[in-house]
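Enquirer: Provided herewith: target_34.cif, mmCIF, N, CA and C atoms.
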```cif
data_input
#
loop_
_atom_site.group_PDB
_atom_site.id
_atom_site.type_symbol
_atom_site.label_atom_id
_atom_site.label_comp_id
_atom_site.auth_asym_id
_atom_site.auth_seq_id
_atom_site.Cartn_x
_atom_site.Cartn_y
_atom_site.Cartn_z
ATOM 1 N N MET R 223 -220.115 87.660 143.801
ATOM 2 C CA MET R 223 -220.678 86.925 144.917
ATOM 3 C C MET R 223 -219.650 86.789 146.022
ATOM 4 N N LEU R 224 -220.103 86.776 147.224
ATOM 5 C CA LEU R 224 -219.225 86.675 148.383
ATOM 6 C C LEU R 224 -218.794 85.230 148.573
ATOM 7 N N THR R 225 -217.537 84.964 148.253
ATOM 8 C CA THR R 225 -216.994 83.628 148.449
ATOM 9 C C THR R 225 -216.220 83.592 149.751
ATOM 10 N N SER R 226 -215.795 82.410 150.123
ATOM 11 C CA SER R 226 -215.051 82.288 151.380
ATOM 12 C C SER R 226 -213.699 82.992 151.295
ATOM 13 N N ASP R 227 -213.075 82.998 150.124
ATOM 14 C CA ASP R 227 -211.791 83.687 149.970
ATOM 15 C C ASP R 227 -211.938 85.192 150.167
ATOM 16 N N ILE R 228 -212.974 85.768 149.605
ATOM 17 C CA ILE R 228 -213.212 87.207 149.755
ATOM 18 C C ILE R 228 -213.551 87.545 151.201
ATOM 19 N N ALA R 229 -214.354 86.696 151.839
ATOM 20 C CA ALA R 229 -214.722 86.940 153.230
ATOM 21 C C ALA R 229 -213.511 86.861 154.143
ATOM 22 N N VAL R 230 -212.646 85.882 153.924
ATOM 23 C CA VAL R 230 -211.434 85.754 154.737
ATOM 24 C C VAL R 230 -210.512 86.950 154.513
ATOM 25 N N ASP R 231 -210.387 87.395 153.278
ATOM 26 C CA ASP R 231 -209.558 88.563 152.979
ATOM 27 C C ASP R 231 -210.111 89.819 153.649
ATOM 28 N N LEU R 232 -211.417 89.992 153.603
ATOM 29 C CA LEU R 232 -212.057 91.145 154.230
ATOM 30 C C LEU R 232 -211.883 91.122 155.752
ATOM 31 N N ILE R 233 -212.068 89.968 156.350
ATOM 32 C CA ILE R 233 -211.916 89.841 157.803
ATOM 33 C C ILE R 233 -210.462 90.030 158.220
ATOM 34 N N SER R 234 -209.533 89.489 157.442
ATOM 35 C CA SER R 234 -208.120 89.653 157.807
ATOM 36 C C SER R 234 -207.694 91.118 157.694
ATOM 37 N N HIS R 235 -208.195 91.816 156.678
ATOM 38 C CA HIS R 235 -207.883 93.243 156.554
ATOM 39 C C HIS R 235 -208.473 94.028 157.724
ATOM 40 N N CYS R 236 -209.679 93.666 158.112
ATOM 41 C CA CYS R 236 -210.333 94.314 159.246
ATOM 42 C C CYS R 236 -209.556 94.063 160.537
ATOM 43 N N MET R 237 -209.108 92.832 160.745
ATOM 44 C CA MET R 237 -208.360 92.511 161.966
ATOM 45 C C MET R 237 -207.007 93.223 162.009
ATOM 46 N N ARG R 238 -206.356 93.335 160.845
ATOM 47 C CA ARG R 238 -205.092 94.081 160.802
ATOM 48 C C ARG R 238 -205.318 95.544 161.154
ATOM 49 N N LEU R 239 -206.399 96.118 160.647
ATOM 50 C CA LEU R 239 -206.721 97.507 160.951
ATOM 51 C C LEU R 239 -206.978 97.686 162.442
ATOM 52 N N VAL R 240 -207.712 96.772 163.041
ATOM 53 C CA VAL R 240 -207.989 96.848 164.477
ATOM 54 C C VAL R 240 -206.695 96.714 165.270
ATOM 55 N N MET R 241 -205.812 95.801 164.873
ATOM 56 C CA MET R 241 -204.547 95.629 165.594
ATOM 57 C C MET R 241 -203.671 96.871 165.507
ATOM 58 N N VAL R 242 -203.633 97.504 164.338
ATOM 59 C CA VAL R 242 -202.834 98.729 164.198
ATOM 60 C C VAL R 242 -203.409 99.835 165.074
ATOM 61 N N MET R 243 -204.731 99.988 165.054
ATOM 62 C CA MET R 243 -205.359 101.054 165.833
ATOM 63 C C MET R 243 -205.155 100.839 167.327
ATOM 64 N N VAL R 244 -205.314 99.610 167.780
ATOM 65 C CA VAL R 244 -205.133 99.319 169.198
ATOM 66 C C VAL R 244 -203.672 99.478 169.599
ATOM 67 N N ALA R 245 -202.757 99.021 168.759
ATOM 68 C CA ALA R 245 -201.339 99.121 169.090
ATOM 69 C C ALA R 245 -200.895 100.576 169.215
ATOM 70 N N VAL R 246 -201.376 101.417 168.314
ATOM 71 C CA VAL R 246 -200.987 102.830 168.362
ATOM 72 C C VAL R 246 -201.481 103.493 169.654
ATOM 73 N N LEU R 247 -202.627 103.068 170.143
ATOM 74 C CA LEU R 247 -203.189 103.699 171.336
ATOM 75 C C LEU R 247 -202.734 103.041 172.637
ATOM 76 N N VAL R 248 -202.464 101.747 172.635
ATOM 77 C CA VAL R 248 -202.184 101.032 173.877
ATOM 78 C C VAL R 248 -200.693 100.921 174.189
ATOM 79 N N VAL R 249 -199.865 100.711 173.172
ATOM 80 C CA VAL R 249 -198.442 100.470 173.409
ATOM 81 C C VAL R 249 -197.749 101.630 174.120
ATOM 82 N N PRO R 250 -197.966 102.891 173.759
ATOM 83 C CA PRO R 250 -197.310 103.965 174.516
ATOM 84 C C PRO R 250 -197.705 103.968 176.000
ATOM 85 N N GLY R 251 -198.962 103.709 176.293
ATOM 86 C CA GLY R 251 -199.398 103.635 177.682
ATOM 87 C C GLY R 251 -198.772 102.474 178.421
ATOM 88 N N MET R 252 -198.576 101.359 177.723
ATOM 89 C CA MET R 252 -197.935 100.204 178.352
ATOM 90 C C MET R 252 -196.474 100.482 178.665
ATOM 91 N N ILE R 253 -195.789 101.172 177.771
ATOM 92 C CA ILE R 253 -194.378 101.503 178.001
ATOM 93 C C ILE R 253 -194.245 102.452 179.188
ATOM 94 N N VAL R 254 -195.116 103.466 179.238
ATOM 95 C CA VAL R 254 -195.084 104.403 180.364
ATOM 96 C C VAL R 254 -195.442 103.680 181.656
ATOM 97 N N GLY R 255 -196.408 102.768 181.604
ATOM 98 C CA GLY R 255 -196.771 101.996 182.786
ATOM 99 C C GLY R 255 -195.619 101.144 183.285
ATOM 100 N N LEU R 256 -194.861 100.561 182.364
ATOM 101 C CA LEU R 256 -193.693 99.777 182.748
ATOM 102 C C LEU R 256 -192.633 100.643 183.399
ATOM 103 N N LEU R 257 -192.381 101.809 182.823
ATOM 104 C CA LEU R 257 -191.383 102.713 183.404
ATOM 105 C C LEU R 257 -191.812 103.211 184.778
ATOM 106 N N VAL R 258 -193.073 103.546 184.933
ATOM 107 C CA VAL R 258 -193.575 103.998 186.231
ATOM 108 C C VAL R 258 -193.508 102.863 187.243
ATOM 109 N N GLY R 259 -193.824 101.642 186.811
ATOM 110 C CA GLY R 259 -193.732 100.490 187.702
ATOM 111 C C GLY R 259 -192.311 100.243 188.163
ATOM 112 N N LEU R 260 -191.346 100.397 187.251
ATOM 113 C CA LEU R 260 -189.943 100.261 187.646
ATOM 114 C C LEU R 260 -189.539 101.350 188.628
ATOM 115 N N PHE R 261 -190.009 102.576 188.377
ATOM 116 C CA PHE R 261 -189.719 103.680 189.290
ATOM 117 C C PHE R 261 -190.331 103.435 190.663
ATOM 118 N N GLN R 262 -191.562 102.942 190.686
ATOM 119 C CA GLN R 262 -192.225 102.670 191.959
ATOM 120 C C GLN R 262 -191.533 101.535 192.703
ATOM 121 N N ALA R 263 -191.075 100.539 191.974
ATOM 122 C CA ALA R 263 -190.371 99.436 192.631
ATOM 123 C C ALA R 263 -189.026 99.885 193.184
ATOM 124 N N ALA R 264 -188.352 100.783 192.461
ATOM 125 C CA ALA R 264 -187.037 101.243 192.907
ATOM 126 C C ALA R 264 -187.147 102.169 194.109
ATOM 127 N N THR R 265 -188.170 103.009 194.152
ATOM 128 C CA THR R 265 -188.297 103.984 195.232
ATOM 129 C C THR R 265 -189.269 103.541 196.316
ATOM 130 N N GLN R 266 -189.997 102.451 196.092
ATOM 131 C CA GLN R 266 -190.994 101.924 197.023
ATOM 132 C C GLN R 266 -192.101 102.933 197.317
ATOM 133 N N ILE R 267 -192.404 103.763 196.338
ATOM 134 C CA ILE R 267 -193.539 104.676 196.432
ATOM 135 C C ILE R 267 -194.747 103.915 195.885
ATOM 136 N N ASN R 268 -195.806 103.837 196.662
ATOM 137 C CA ASN R 268 -196.964 103.046 196.264
ATOM 138 C C ASN R 268 -198.197 103.926 196.097
ATOM 139 N N GLU R 269 -198.066 104.982 195.353
ATOM 140 C CA GLU R 269 -199.164 105.916 195.144
ATOM 141 C C GLU R 269 -199.951 105.502 193.904
ATOM 142 N N GLN R 270 -201.282 105.408 194.026
ATOM 143 C CA GLN R 270 -202.108 104.949 192.917
ATOM 144 C C GLN R 270 -202.164 105.958 191.772
ATOM 145 N N THR R 271 -202.189 107.236 192.098
ATOM 146 C CA THR R 271 -202.257 108.239 191.030
ATOM 147 C C THR R 271 -200.961 108.283 190.237
ATOM 148 N N LEU R 272 -199.847 107.900 190.855
ATOM 149 C CA LEU R 272 -198.572 107.885 190.150
ATOM 150 C C LEU R 272 -198.563 106.819 189.060
ATOM 151 N N SER R 273 -199.313 105.752 189.256
ATOM 152 C CA SER R 273 -199.344 104.714 188.226
ATOM 153 C C SER R 273 -200.425 104.976 187.183
ATOM 154 N N PHE R 274 -201.495 105.667 187.532
ATOM 155 C CA PHE R 274 -202.607 105.867 186.609
ATOM 156 C C PHE R 274 -202.454 107.110 185.745
ATOM 157 N N LEU R 275 -202.080 108.215 186.351
ATOM 158 C CA LEU R 275 -202.070 109.494 185.650
ATOM 159 C C LEU R 275 -201.102 109.548 184.464
ATOM 160 N N PRO R 276 -199.865 109.072 184.574
ATOM 161 C CA PRO R 276 -198.992 109.113 183.390
ATOM 162 C C PRO R 276 -199.503 108.257 182.230
ATOM 163 N N ARG R 277 -200.097 107.100 182.535
ATOM 164 C CA ARG R 277 -200.655 106.266 181.466
ATOM 165 C C ARG R 277 -201.829 106.962 180.787
ATOM 166 N N LEU R 278 -202.670 107.612 181.582
ATOM 167 C CA LEU R 278 -203.797 108.349 181.024
ATOM 168 C C LEU R 278 -203.311 109.484 180.131
ATOM 169 N N MET R 279 -202.325 110.229 180.603
ATOM 170 C CA MET R 279 -201.798 111.347 179.812
ATOM 171 C C MET R 279 -201.152 110.863 178.510
ATOM 172 N N MET R 280 -200.444 109.746 178.579
ATOM 173 C CA MET R 280 -199.802 109.221 177.376
ATOM 174 C C MET R 280 -200.839 108.711 176.376
ATOM 175 N N THR R 281 -201.897 108.089 176.861
ATOM 176 C CA THR R 281 -202.953 107.632 175.969
ATOM 177 C C THR R 281 -203.660 108.815 175.314
ATOM 178 N N LEU R 282 -203.943 109.863 176.078
ATOM 179 C CA LEU R 282 -204.554 111.055 175.505
ATOM 180 C C LEU R 282 -203.634 111.727 174.489
ATOM 181 N N LEU R 283 -202.338 111.735 174.777
ATOM 182 C CA LEU R 283 -201.373 112.297 173.836
ATOM 183 C C LEU R 283 -201.329 111.466 172.551
ATOM 184 N N ALA R 284 -201.381 110.149 172.683
ATOM 185 C CA ALA R 284 -201.387 109.283 171.499
ATOM 186 C C ALA R 284 -202.645 109.517 170.670
ATOM 187 N N ILE R 285 -203.787 109.703 171.336
ATOM 188 C CA ILE R 285 -205.026 109.995 170.605
ATOM 189 C C ILE R 285 -204.919 111.337 169.895
ATOM 190 N N ALA R 286 -204.347 112.323 170.580
ATOM 191 C CA ALA R 286 -204.221 113.653 169.982
ATOM 192 C C ALA R 286 -203.271 113.648 168.785
ATOM 193 N N LEU R 287 -202.176 112.894 168.880
ATOM 194 C CA LEU R 287 -201.189 112.898 167.808
ATOM 195 C C LEU R 287 -201.571 111.978 166.647
ATOM 196 N N ALA R 288 -202.156 110.826 166.950
ATOM 197 C CA ALA R 288 -202.427 109.844 165.904
ATOM 198 C C ALA R 288 -203.900 109.746 165.538
ATOM 199 N N GLY R 289 -204.748 110.528 166.164
ATOM 200 C CA GLY R 289 -206.182 110.424 165.923
ATOM 201 C C GLY R 289 -206.575 110.703 164.489
ATOM 202 N N HIS R 290 -205.981 111.723 163.907
ATOM 203 C CA HIS R 290 -206.318 112.082 162.519
ATOM 204 C C HIS R 290 -205.902 110.958 161.569
ATOM 205 N N TRP R 291 -204.723 110.406 161.784
ATOM 206 C CA TRP R 291 -204.228 109.323 160.949
ATOM 207 C C TRP R 291 -205.100 108.067 161.106
ATOM 208 N N LEU R 292 -205.469 107.747 162.346
ATOM 209 C CA LEU R 292 -206.308 106.574 162.594
ATOM 210 C C LEU R 292 -207.700 106.742 161.988
ATOM 211 N N ALA R 293 -208.247 107.934 162.096
ATOM 212 C CA ALA R 293 -209.558 108.193 161.483
ATOM 213 C C ALA R 293 -209.471 108.073 159.961
ATOM 214 N N GLY R 294 -208.369 108.517 159.389
ATOM 215 C CA GLY R 294 -208.167 108.364 157.949
ATOM 216 C C GLY R 294 -208.084 106.909 157.531
ATOM 217 N N LEU R 295 -207.366 106.092 158.325
ATOM 218 C CA LEU R 295 -207.290 104.660 158.034
ATOM 219 C C LEU R 295 -208.673 104.018 158.072
ATOM 220 N N LEU R 296 -209.440 104.357 159.085
ATOM 221 C CA LEU R 296 -210.775 103.783 159.244
ATOM 222 C C LEU R 296 -211.702 104.232 158.118
ATOM 223 N N MET R 297 -211.606 105.486 157.733
ATOM 224 C CA MET R 297 -212.459 105.983 156.643
ATOM 225 C C MET R 297 -212.062 105.368 155.305
ATOM 226 N N ASP R 298 -210.764 105.180 155.077
ATOM 227 C CA ASP R 298 -210.326 104.518 153.844
ATOM 228 C C ASP R 298 -210.842 103.082 153.780
ATOM 229 N N PHE R 299 -210.817 102.396 154.919
ATOM 230 C CA PHE R 299 -211.331 101.025 154.956
ATOM 231 C C PHE R 299 -212.832 101.002 154.666
ATOM 232 N N CYS R 300 -213.569 101.919 155.265
ATOM 233 C CA CYS R 300 -215.017 101.971 155.033
ATOM 234 C C CYS R 300 -215.336 102.285 153.580
ATOM 235 N N VAL R 301 -214.616 103.213 152.977
ATOM 236 C CA VAL R 301 -214.838 103.553 151.567
ATOM 237 C C VAL R 301 -214.533 102.336 150.688
ATOM 238 N N GLN R 302 -213.468 101.619 151.008
ATOM 239 C CA GLN R 302 -213.115 100.428 150.244
ATOM 240 C C GLN R 302 -214.201 99.357 150.349
ATOM 241 N N VAL R 303 -214.746 99.154 151.538
ATOM 242 C CA VAL R 303 -215.804 98.158 151.715
ATOM 243 C C VAL R 303 -217.061 98.574 150.965
ATOM 244 N N PHE R 304 -217.424 99.853 151.028
ATOM 245 C CA PHE R 304 -218.613 100.306 150.315
ATOM 246 C C PHE R 304 -218.435 100.238 148.801
ATOM 247 N N ARG R 305 -217.214 100.433 148.320
ATOM 248 C CA ARG R 305 -216.973 100.287 146.882
ATOM 249 C C ARG R 305 -217.050 98.838 146.445
ATOM 250 N N GLN R 306 -216.674 97.917 147.342
ATOM 251 C CA GLN R 306 -216.744 96.500 147.022
ATOM 252 C C GLN R 306 -218.137 95.920 147.238
ATOM 253 N N ALA R 307 -219.021 96.643 147.863
ATOM 254 C CA ALA R 307 -220.338 96.120 148.216
ATOM 255 C C ALA R 307 -221.120 95.574 147.026
ATOM 256 N N PRO R 308 -221.168 96.256 145.878
ATOM 257 C CA PRO R 308 -221.930 95.678 144.755
ATOM 258 C C PRO R 308 -221.378 94.335 144.284
ATOM 259 N N THR R 309 -220.068 94.176 144.335
ATOM 260 C CA THR R 309 -219.491 92.902 143.907
ATOM 261 C C THR R 309 -219.675 91.817 144.973
ATOM 262 N N LEU R 310 -219.771 92.216 146.231
ATOM 263 C CA LEU R 310 -219.958 91.240 147.302
ATOM 264 C C LEU R 310 -221.371 90.698 147.331
ATOM 265 N N VAL R 311 -222.337 91.526 146.984
ATOM 266 C CA VAL R 311 -223.740 91.118 147.028
ATOM 267 C C VAL R 311 -224.066 90.206 145.847
ATOM 268 N N GLY R 312 -223.541 90.542 144.719
ATOM 269 C CA GLY R 312 -223.833 89.663 143.587
ATOM 270 C C GLY R 312 -223.979 90.337 142.332
#
```
What's the structure tokens form of this structure?

Expert:
Amino acid sequence: MLTSDIAVDLISHCMRLVMVMVAVLVVPGMIVGLLVGLFQAATQINEQTLSFLPRLMMTLLAIALAGHWLAGLLMDFCVQVFRQAPTLVG
């Protein structure tokens, strides 16, 4: 039966998975955005594509490099939840 302890454990595992997936995809873009912002502040170049394009490329690169691993994490979580389903229902 689904108790509050099991539900909290399931939700916490889900939230950790979401945080890992978001961090892998967002943090590289944030670092590149910070570096580009420092470059723009130092050179006083205020071009919009200079701030957007490197972040976009870094995010796409992160998806290309870590996509298989992230999909594996998500599939492992789904398989684990489906295996626990009979015990969660009752």

Enquirer: Using the chain letters and numbers from the file, give me the residues hit by the PyMOL selection byres (((chain R and resi 247-255 and name CA) around 6) and name CA), as number ranges by chain.

Expert: R: 244-246, 256-259, 277, 280-281, 284

Enquirer: Smallest atom-to-atom distance to Leu310 in chain R: which of R:Gly289, R:Leu296, R:Thr225, R:Ala263, using all atoms listed in the file?

Expert: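 Going through R:Gly289, R:Leu296, R:Thr225, R:Ala263 one by one, the smallest distance to Leu310 in chain R is for R:Thr225.
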
Enquirer: How many Å lie between CA of Met223 in chain R and CA of Ala307 in chain R, rounded to one decimal?

Expert: 9.8 Å

Enquirer: Please evaluate the PyMOL selection byres (((chain R and resi 239 and name CA) around 12) and name CA) against the structure above and give the resulting residues as a list of chain:residue names.

Expert: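 That selection, the PyMOL selection byres (((chain R and resi 239 and name CA) around 12) and name CA), comes back as R:Leu232, R:Ile233, R:Ser234, R:His235, R:Cys236, R:Met237, R:Arg238, R:Val240, R:Met241, R:Val242, R:Met243, R:Val244, R:Ala245, R:Val246, R:Leu292, R:Ala293, R:Gly294, R:Leu295, R:Leu296, R:Met297, R:Asp298, R:Phe299, R:Cys300.
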
Enquirer: Measure the distance from atom C of Phe261 in chain R to atom N of Phe274 in chain R in Å and round it to one decimal.

Expert: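 Atom-to-atom, atom C of Phe261 in chain R and atom N of Phe274 in chain R are spaced 11.8 Å apart.
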